[in-house]
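Visitor: Have a look at this one.
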Amino acid sequence: MSYTSPVAIAAVSEMKPGRFPDMDGYDLYIEVIRQFLAEWSLKPTDIQGLLACPSGMAGGGSNDIFVHEQLYEEMGIQPLFADTMNAGGSTYGLMVQRAALAIQQGKVESVLCVGAGKFPKVSTGGAESMARMVSHEIYEFPYGTFIPALYAQVATRHMHEYGTTVEQLAEVCVSTREWALLNPDASTYGSEALTVEKVRQSRPIASPFNLYDCSIPLEGGAAFLVCSEAYAKRLNKQPAYVLGMGEFHNHRNIHQAASLTDIGCSKSAQQAYTMAGLSPSDIDFAEIYDAFSINPLVFMEELGLCPQGKGGEFFQSGAARPGGDFPVNTFGGLLSFGHTGDASGMSMIVEGIRQIMGIAGERQLDKANAGIVHSYGGMMSEHSTLILGRSAS
Amino acid sequence: MNDIATEEVAPPAKPQPRITACAAPYWQYAKEEKLVLPYCSECEASFYYPRLWCPSCFNQDIIWKQLSGKGKVYSFSVIYQSPLPSYQADLPYVLAIIELEEGPRMMANVLHCDVDKVCVDMAVKVLFEARGDMKIPQFQPA
């Protein structure tokens, strides 16, 4: 697979995450698009394609399985390429990939990728409906599954194989919170810094996770415009080039994963590096889907950004923090920015784009020539890796 | 205060798995307290969960074979807070992935043990827990 013509992301916008009890998923979609259009000067003819995702899945009522139809009509566009697609948290990474292929095929010059997410409250049966969604209805759910308990299987196994400690898991939360304190849109902006002690003293949920090892359930959404190079440059003098991309679909149910420490990310990452003609040492920063503290730790390893088994030591070293050698989750992660349900897979892509464009405000990295963005759907089931860069090659 | 509020209410029943056609023998054997899984004679291997073809070679000539019921903990979590009403009385409980002696892995609870003693590679053996008119495989320390 090789890249015939460059593709770049020219415009990006994300709602500040929060709780929006008076808005359903579609209302959030409209607000996301309103903000996007307000921030970027675009005409209806600038948007030739549209990809969207159902916004109500976490609530169990996906009445918007073809939400793209309503969105393009309400926007006032007639796309040449459009779909509602869903691969959980990897949806938006895969949207970039699907859009890039359509653009390279010459079908369209630009595709708007958009997502909005509701997150049902854990206390109102939301956790049970989500557990039913992400664990096997027959062979897992009857054993008392819910989301933290499933991810915990990965963490326990990593601790067993590599000696990773709960303190090292806590370091991920501490590092990520430091970044959130630099991001005015993060839900924990203005709060206190975390410490390893605070994470360990927060209430136990599902070992090895305590409360602060879990991301913060919120609602929100985001949009970005994937374009041909010529189109992107017309809209933005520093677009974010899509240098490499890869995907891999490993399993659905966590007990079916052949390994919990090589869970499919390395395969999507390898495709992305190969396409970009880059190696891990060429990457300046990483934005990684972090529903729980264990995720960035294992994915740093699988992305080849630290040696296998050394993810814990990496975070403990402080390298991922502001001022560190290798920044990770500079927007504050789902752990401290907030996890916007169906739209959560947007946030790390949005941040990758912003860092490359150089519009990340106080947290803007000095060196952001190439960044890697990894997102996944399900229980680390299906994977999307993107490599974004400042120049086309 | 009315009396109803202080009456002891039975906890909601734990989920009873839905029986699909391809898994009917699995659940029938479980009811007899036997752990029996589909077996592919091409691959000479048992697999979990039941399906109509072998996921390693697509062979549809599947037979049913009883397993030893022995295994070890591949990974686990001790659950201290659960949103599931039917599991509240069990807190803290253990959700684990069990690797069976014959190879396949399955999810289950580890029962009848001190949750602080559970560890990866701990030897376990199968037992069967009633769920309505069914029985589901569970594990306990061997």
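Ligands are numbered from 1 in the order shown, residues from 1 within each chain, and chains are lettered A, B, ... in the order they appear in the structure tokens.
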Please return as a list in words: the residues of range 40-76 of chain B that backbone DSSP assigns to strand (DSSP E).
Guide: Cys40, Ala45, Ser46, Ile62, Ile63, Trp64, Lys65, Gln66, Lys70, Gly71, Lys72, Val73, Tyr74, Ser75 and Phe76 of chain B
Visitor: Extract the full set of alpha helix (DSSP H) residues from chain B according to DSSP on the backbone, and format it as a list in words.
Guide: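 Matching residues for alpha helix (DSSP H) in chain B are Asp3, Ile4, Ala5, Thr6, Ala24, Pro25, Tyr26, Trp27, Gln28, Tyr29, Ala30 and Lys31 of chain B.
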Visitor: Distance cut-off 8 Å, counting only C-alpha atoms - which residues of chain A neighbour chain B? Return them as an mmCIF file with N, CA and C atoms, in the first residue's frame.
Guide:
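Output below, filename part19.cif:
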data_model
loop_
_atom_site.group_PDB
_atom_site.id
_atom_site.type_symbol
_atom_site.label_atom_id
_atom_site.label_comp_id
_atom_site.auth_asym_id
_atom_site.auth_seq_id
_atom_site.Cartn_x
_atom_site.Cartn_y
_atom_site.Cartn_z
ATOM 1 N N VAL A 122 -23.899 6.180 34.991
ATOM 2 C CA VAL A 122 -23.640 4.839 35.510
ATOM 3 C C VAL A 122 -24.764 4.408 36.448
ATOM 4 N N SER A 123 -25.276 5.359 37.213
ATOM 5 C CA SER A 123 -26.255 5.022 38.249
ATOM 6 C C SER A 123 -27.651 4.744 37.700
ATOM 7 N N GLY A 125 -28.562 2.721 35.210
ATOM 8 C CA GLY A 125 -28.614 1.550 34.347
ATOM 9 C C GLY A 125 -27.703 1.681 33.135
ATOM 10 N N ALA A 127 -24.449 1.769 33.026
ATOM 11 C CA ALA A 127 -23.312 0.853 33.069
ATOM 12 C C ALA A 127 -23.734 -0.542 32.634
ATOM 13 N N GLU A 128 -24.951 -0.945 33.016
ATOM 14 C CA GLU A 128 -25.409 -2.275 32.637
ATOM 15 C C GLU A 128 -25.655 -2.349 31.130
ATOM 16 N N GLU A 137 -22.963 -11.227 25.256
ATOM 17 C CA GLU A 137 -24.251 -11.325 25.948
ATOM 18 C C GLU A 137 -24.420 -12.677 26.660
ATOM 19 N N ILE A 138 -23.909 -13.734 26.028
ATOM 20 C CA ILE A 138 -24.126 -15.089 26.554
ATOM 21 C C ILE A 138 -22.929 -15.582 27.366
ATOM 22 N N TYR A 139 -21.722 -15.336 26.875
ATOM 23 C CA TYR A 139 -20.549 -15.979 27.465
ATOM 24 C C TYR A 139 -19.733 -15.066 28.378
ATOM 25 N N GLU A 140 -20.132 -13.803 28.501
ATOM 26 C CA GLU A 140 -19.417 -12.921 29.437
ATOM 27 C C GLU A 140 -20.373 -12.214 30.405
ATOM 28 N N PHE A 141 -21.393 -11.567 29.853
ATOM 29 C CA PHE A 141 -22.262 -10.729 30.693
ATOM 30 C C PHE A 141 -22.865 -11.462 31.900
ATOM 31 N N PRO A 142 -23.263 -12.739 31.753
ATOM 32 C CA PRO A 142 -23.847 -13.417 32.923
ATOM 33 C C PRO A 142 -22.890 -13.550 34.110
ATOM 34 N N TYR A 143 -21.598 -13.272 33.902
ATOM 35 C CA TYR A 143 -20.624 -13.383 34.990
ATOM 36 C C TYR A 143 -20.383 -12.051 35.705
ATOM 37 N N GLY A 144 -21.248 -11.090 35.472
ATOM 38 C CA GLY A 144 -21.143 -9.840 36.228
ATOM 39 C C GLY A 144 -20.131 -8.868 35.649
ATOM 40 N N THR A 145 -20.113 -8.766 34.312
ATOM 41 C CA THR A 145 -19.158 -7.871 33.652
ATOM 42 C C THR A 145 -19.645 -6.422 33.689
ATOM 43 N N PHE A 146 -18.730 -5.513 33.707
ATOM 44 C CA PHE A 146 -18.974 -4.118 33.365
ATOM 45 C C PHE A 146 -17.631 -3.550 32.930
ATOM 46 N N ALA A 149 -14.159 -3.663 34.828
ATOM 47 C CA ALA A 149 -13.782 -5.039 35.169
ATOM 48 C C ALA A 149 -13.188 -5.772 33.973
ATOM 49 N N ALA A 152 -9.704 -4.264 33.308
ATOM 50 C CA ALA A 152 -8.827 -4.679 34.401
ATOM 51 C C ALA A 152 -8.113 -5.986 34.076
ATOM 52 N N GLN A 153 -8.737 -6.827 33.237
ATOM 53 C CA GLN A 153 -8.095 -8.091 32.848
ATOM 54 C C GLN A 153 -6.765 -7.811 32.142
ATOM 55 N N VAL A 154 -6.765 -6.776 31.306
ATOM 56 C CA VAL A 154 -5.540 -6.404 30.577
ATOM 57 C C VAL A 154 -4.486 -5.909 31.561
ATOM 58 N N THR A 156 -4.196 -6.502 34.867
ATOM 59 C CA THR A 156 -3.698 -7.569 35.750
ATOM 60 C C THR A 156 -2.674 -8.439 35.020
ATOM 61 N N ARG A 157 -2.978 -8.740 33.757
ATOM 62 C CA ARG A 157 -2.066 -9.595 32.988
ATOM 63 C C ARG A 157 -0.728 -8.878 32.742
ATOM 64 N N HIS A 160 1.287 -8.998 35.754
ATOM 65 C CA HIS A 160 1.832 -10.342 35.958
ATOM 66 C C HIS A 160 3.042 -10.593 35.050
ATOM 67 N N PRO A 204 -11.619 1.963 45.504
ATOM 68 C CA PRO A 204 -11.392 0.852 44.576
ATOM 69 C C PRO A 204 -12.661 0.529 43.783
ATOM 70 N N ILE A 205 -12.472 0.271 42.485
ATOM 71 C CA ILE A 205 -13.602 -0.084 41.614
ATOM 72 C C ILE A 205 -13.478 -1.556 41.223
ATOM 73 N N ALA A 206 -12.437 -1.846 40.445
ATOM 74 C CA ALA A 206 -12.184 -3.215 39.982
ATOM 75 C C ALA A 206 -10.667 -3.340 39.901
ATOM 76 N N SER A 207 -10.087 -4.149 40.765
ATOM 77 C CA SER A 207 -8.632 -4.187 40.867
ATOM 78 C C SER A 207 -7.999 -4.474 39.505
ATOM 79 N N PRO A 208 -6.934 -3.823 39.121
ATOM 80 C CA PRO A 208 -6.158 -2.867 39.925
ATOM 81 C C PRO A 208 -6.651 -1.412 39.837
ATOM 82 N N HIS A 255 -12.173 -12.001 26.428
ATOM 83 C CA HIS A 255 -11.651 -13.342 26.735
ATOM 84 C C HIS A 255 -11.193 -14.068 25.476
ATOM 85 N N GLN A 256 -11.567 -13.559 24.311
ATOM 86 C CA GLN A 256 -11.182 -14.190 23.047
ATOM 87 C C GLN A 256 -9.854 -13.654 22.485
#
Visitor: Pick out the closest residue to Cys227 in chain A from this set: A:Tyr241, A:Phe314, A:Phe331, A:Tyr162. Count only C-alpha atoms.
Guide: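 Closest candidate: A:Tyr241.
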Visitor: Taking only C-alpha atoms into account, which of A:Val7, A:Cys173, A:Leu42, A:Ile387 comes nearest Ser336 in chain A?
Guide: A:Cys173
Visitor: Do you know which residues are at most 9 Å from Gly49 in chain A counting only C-alpha atoms, after dropping those on the same chain fewer than 2 positions away, and could you put them as number ranges by chain?
Guide: A: 47, 51, 72, 77-83, 99, 108-113
Visitor: Include N, CA and C atoms and write out the residues we just selected as a PDB file, in the first residue's frame.
Guide:
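Saved as out32.pdb:
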ATOM      1  N   ILE A  47     -17.676  21.177   1.262  1.00  0.00           N
ATOM      2  CA  ILE A  47     -17.849  19.859   1.897  1.00  0.00           C
ATOM      3  C   ILE A  47     -18.514  18.910   0.900  1.00  0.00           C
ATOM      4  N   LEU A  51     -19.113  11.800   6.843  1.00  0.00           N
ATOM      5  CA  LEU A  51     -19.161  10.559   7.609  1.00  0.00           C
ATOM      6  C   LEU A  51     -19.597  10.888   9.028  1.00  0.00           C
ATOM      7  N   TYR A  72     -26.696  15.812   6.473  1.00  0.00           N
ATOM      8  CA  TYR A  72     -26.347  16.507   5.223  1.00  0.00           C
ATOM      9  C   TYR A  72     -27.509  17.350   4.737  1.00  0.00           C
ATOM     10  N   ILE A  77     -26.108  20.336   2.242  1.00  0.00           N
ATOM     11  CA  ILE A  77     -25.150  19.834   1.251  1.00  0.00           C
ATOM     12  C   ILE A  77     -25.689  18.547   0.624  1.00  0.00           C
ATOM     13  N   GLN A  78     -25.165  18.223  -0.552  1.00  0.00           N
ATOM     14  CA  GLN A  78     -25.518  16.980  -1.231  1.00  0.00           C
ATOM     15  C   GLN A  78     -24.225  16.236  -1.554  1.00  0.00           C
ATOM     16  N   PRO A  79     -23.769  15.426  -0.606  1.00  0.00           N
ATOM     17  CA  PRO A  79     -22.445  14.819  -0.753  1.00  0.00           C
ATOM     18  C   PRO A  79     -22.375  13.762  -1.865  1.00  0.00           C
ATOM     19  N   LEU A  80     -21.162  13.571  -2.349  1.00  0.00           N
ATOM     20  CA  LEU A  80     -20.877  12.517  -3.324  1.00  0.00           C
ATOM     21  C   LEU A  80     -20.401  11.245  -2.613  1.00  0.00           C
ATOM     22  N   PHE A  81     -20.225  11.360  -1.308  1.00  0.00           N
ATOM     23  CA  PHE A  81     -19.668  10.255  -0.503  1.00  0.00           C
ATOM     24  C   PHE A  81     -20.181  10.476   0.913  1.00  0.00           C
ATOM     25  N   ALA A  82     -20.926   9.526   1.459  1.00  0.00           N
ATOM     26  CA  ALA A  82     -21.479   9.723   2.796  1.00  0.00           C
ATOM     27  C   ALA A  82     -21.887   8.385   3.396  1.00  0.00           C
ATOM     28  N   ASP A  83     -21.837   8.307   4.719  1.00  0.00           N
ATOM     29  CA  ASP A  83     -22.221   7.065   5.390  1.00  0.00           C
ATOM     30  C   ASP A  83     -22.326   7.329   6.888  1.00  0.00           C
ATOM     31  N   ALA A  99     -12.085   8.277   4.451  1.00  0.00           N
ATOM     32  CA  ALA A  99     -12.127   9.549   3.729  1.00  0.00           C
ATOM     33  C   ALA A  99     -10.889   9.694   2.846  1.00  0.00           C
ATOM     34  N   VAL A 108     -13.981  12.468  -4.205  1.00  0.00           N
ATOM     35  CA  VAL A 108     -14.281  13.775  -3.600  1.00  0.00           C
ATOM     36  C   VAL A 108     -12.984  14.485  -3.235  1.00  0.00           C
ATOM     37  N   GLU A 109     -13.091  15.788  -2.995  1.00  0.00           N
ATOM     38  CA  GLU A 109     -11.930  16.573  -2.562  1.00  0.00           C
ATOM     39  C   GLU A 109     -11.903  16.744  -1.040  1.00  0.00           C
ATOM     40  N   SER A 110     -13.065  16.567  -0.406  1.00  0.00           N
ATOM     41  CA  SER A 110     -13.129  16.836   1.037  1.00  0.00           C
ATOM     42  C   SER A 110     -14.233  16.000   1.675  1.00  0.00           C
ATOM     43  N   VAL A 111     -13.981  15.550   2.910  1.00  0.00           N
ATOM     44  CA  VAL A 111     -14.987  14.781   3.653  1.00  0.00           C
ATOM     45  C   VAL A 111     -15.048  15.329   5.079  1.00  0.00           C
ATOM     46  N   LEU A 112     -16.235  15.738   5.488  1.00  0.00           N
ATOM     47  CA  LEU A 112     -16.437  16.155   6.870  1.00  0.00           C
ATOM     48  C   LEU A 112     -16.683  14.910   7.724  1.00  0.00           C
ATOM     49  N   CYS A 113     -15.847  14.732   8.751  1.00  0.00           N
ATOM     50  CA  CYS A 113     -16.017  13.615   9.681  1.00  0.00           C
ATOM     51  C   CYS A 113     -16.530  14.206  10.985  1.00  0.00           C
TER      52      CYS A 113
END
Visitor: Excluding Ile62 in chain B and any residue of its chain fewer than 2 positions from it, enumerate the residues within 9 Å of it, using only C-alpha atoms, and give them as number ranges by chain.
Guide: B: 38-41, 52-54, 59-60, 64
Visitor: May I have the residues from that selection written out with all heavy atoms, as a compact mmCIF listing (two decimals), in the first residue's frame?
Guide:
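Okay, this is what ended up in part-v3.txt:
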# COMPACT_ATOMS: atom_id res chain seq x y z
N PRO B 38 -17.25 -27.85 22.06
CA PRO B 38 -17.09 -28.32 20.68
C PRO B 38 -15.62 -28.63 20.39
O PRO B 38 -14.74 -27.96 20.92
CB PRO B 38 -17.60 -27.15 19.84
CG PRO B 38 -17.62 -25.97 20.74
CD PRO B 38 -17.75 -26.47 22.13
N TYR B 39 -15.41 -29.65 19.56
CA TYR B 39 -14.06 -30.13 19.27
C TYR B 39 -13.93 -30.30 17.77
O TYR B 39 -14.79 -30.90 17.12
CB TYR B 39 -13.85 -31.47 19.99
CG TYR B 39 -12.50 -32.11 19.77
CD1 TYR B 39 -11.42 -31.80 20.60
CD2 TYR B 39 -12.32 -33.04 18.74
CE1 TYR B 39 -10.18 -32.40 20.41
CE2 TYR B 39 -11.07 -33.65 18.54
CZ TYR B 39 -10.01 -33.32 19.38
OH TYR B 39 -8.79 -33.92 19.19
N CYS B 40 -12.86 -29.75 17.22
CA CYS B 40 -12.62 -29.87 15.78
C CYS B 40 -11.67 -31.03 15.54
O CYS B 40 -10.54 -31.02 16.03
CB CYS B 40 -12.01 -28.58 15.23
SG CYS B 40 -11.49 -28.74 13.50
N SER B 41 -12.14 -32.03 14.78
CA SER B 41 -11.29 -33.21 14.58
C SER B 41 -10.16 -32.90 13.59
O SER B 41 -9.15 -33.60 13.58
CB SER B 41 -12.14 -34.39 14.10
OG SER B 41 -13.13 -33.95 13.20
N LEU B 52 -20.86 -22.81 14.92
CA LEU B 52 -21.19 -23.86 13.95
C LEU B 52 -19.98 -24.34 13.16
O LEU B 52 -20.06 -25.32 12.45
CB LEU B 52 -22.28 -23.37 13.00
CG LEU B 52 -23.66 -23.21 13.63
CD1 LEU B 52 -24.63 -22.59 12.63
CD2 LEU B 52 -24.19 -24.56 14.11
N TRP B 53 -18.89 -23.61 13.24
CA TRP B 53 -17.69 -24.04 12.53
C TRP B 53 -16.48 -23.80 13.43
O TRP B 53 -16.53 -23.00 14.36
CB TRP B 53 -17.51 -23.29 11.20
CG TRP B 53 -17.62 -21.81 11.33
CD1 TRP B 53 -16.63 -20.94 11.66
CD2 TRP B 53 -18.80 -21.02 11.15
NE1 TRP B 53 -17.12 -19.67 11.71
CE2 TRP B 53 -18.44 -19.69 11.40
CE3 TRP B 53 -20.12 -21.31 10.81
CZ2 TRP B 53 -19.36 -18.64 11.31
CZ3 TRP B 53 -21.03 -20.26 10.73
CH2 TRP B 53 -20.65 -18.94 10.97
N CYS B 54 -15.39 -24.48 13.11
CA CYS B 54 -14.15 -24.28 13.86
C CYS B 54 -13.57 -22.92 13.45
O CYS B 54 -13.35 -22.68 12.26
CB CYS B 54 -13.17 -25.40 13.52
SG CYS B 54 -11.49 -25.05 14.10
N ASN B 59 -13.88 -25.85 9.54
CA ASN B 59 -14.49 -27.18 9.51
C ASN B 59 -15.83 -27.16 10.25
O ASN B 59 -15.93 -26.64 11.37
CB ASN B 59 -13.51 -28.16 10.18
CG ASN B 59 -14.12 -29.54 10.39
OD1 ASN B 59 -15.02 -29.95 9.65
ND2 ASN B 59 -13.63 -30.24 11.40
N GLN B 60 -16.86 -27.70 9.61
CA GLN B 60 -18.17 -27.71 10.26
C GLN B 60 -18.49 -29.06 10.90
O GLN B 60 -19.56 -29.25 11.46
CB GLN B 60 -19.27 -27.35 9.25
CG GLN B 60 -19.10 -25.92 8.74
CD GLN B 60 -20.33 -25.42 8.00
OE1 GLN B 60 -21.39 -26.04 8.04
NE2 GLN B 60 -20.19 -24.28 7.35
N TRP B 64 -18.59 -33.11 20.20
CA TRP B 64 -18.58 -32.56 21.56
C TRP B 64 -17.70 -33.42 22.43
O TRP B 64 -17.78 -34.65 22.39
CB TRP B 64 -20.00 -32.47 22.11
CG TRP B 64 -20.81 -31.45 21.35
CD1 TRP B 64 -21.49 -31.65 20.20
CD2 TRP B 64 -20.95 -30.08 21.67
NE1 TRP B 64 -22.05 -30.47 19.77
CE2 TRP B 64 -21.75 -29.48 20.66
CE3 TRP B 64 -20.50 -29.25 22.70
CZ2 TRP B 64 -22.10 -28.13 20.66
CZ3 TRP B 64 -20.84 -27.91 22.71
CH2 TRP B 64 -21.63 -27.35 21.70
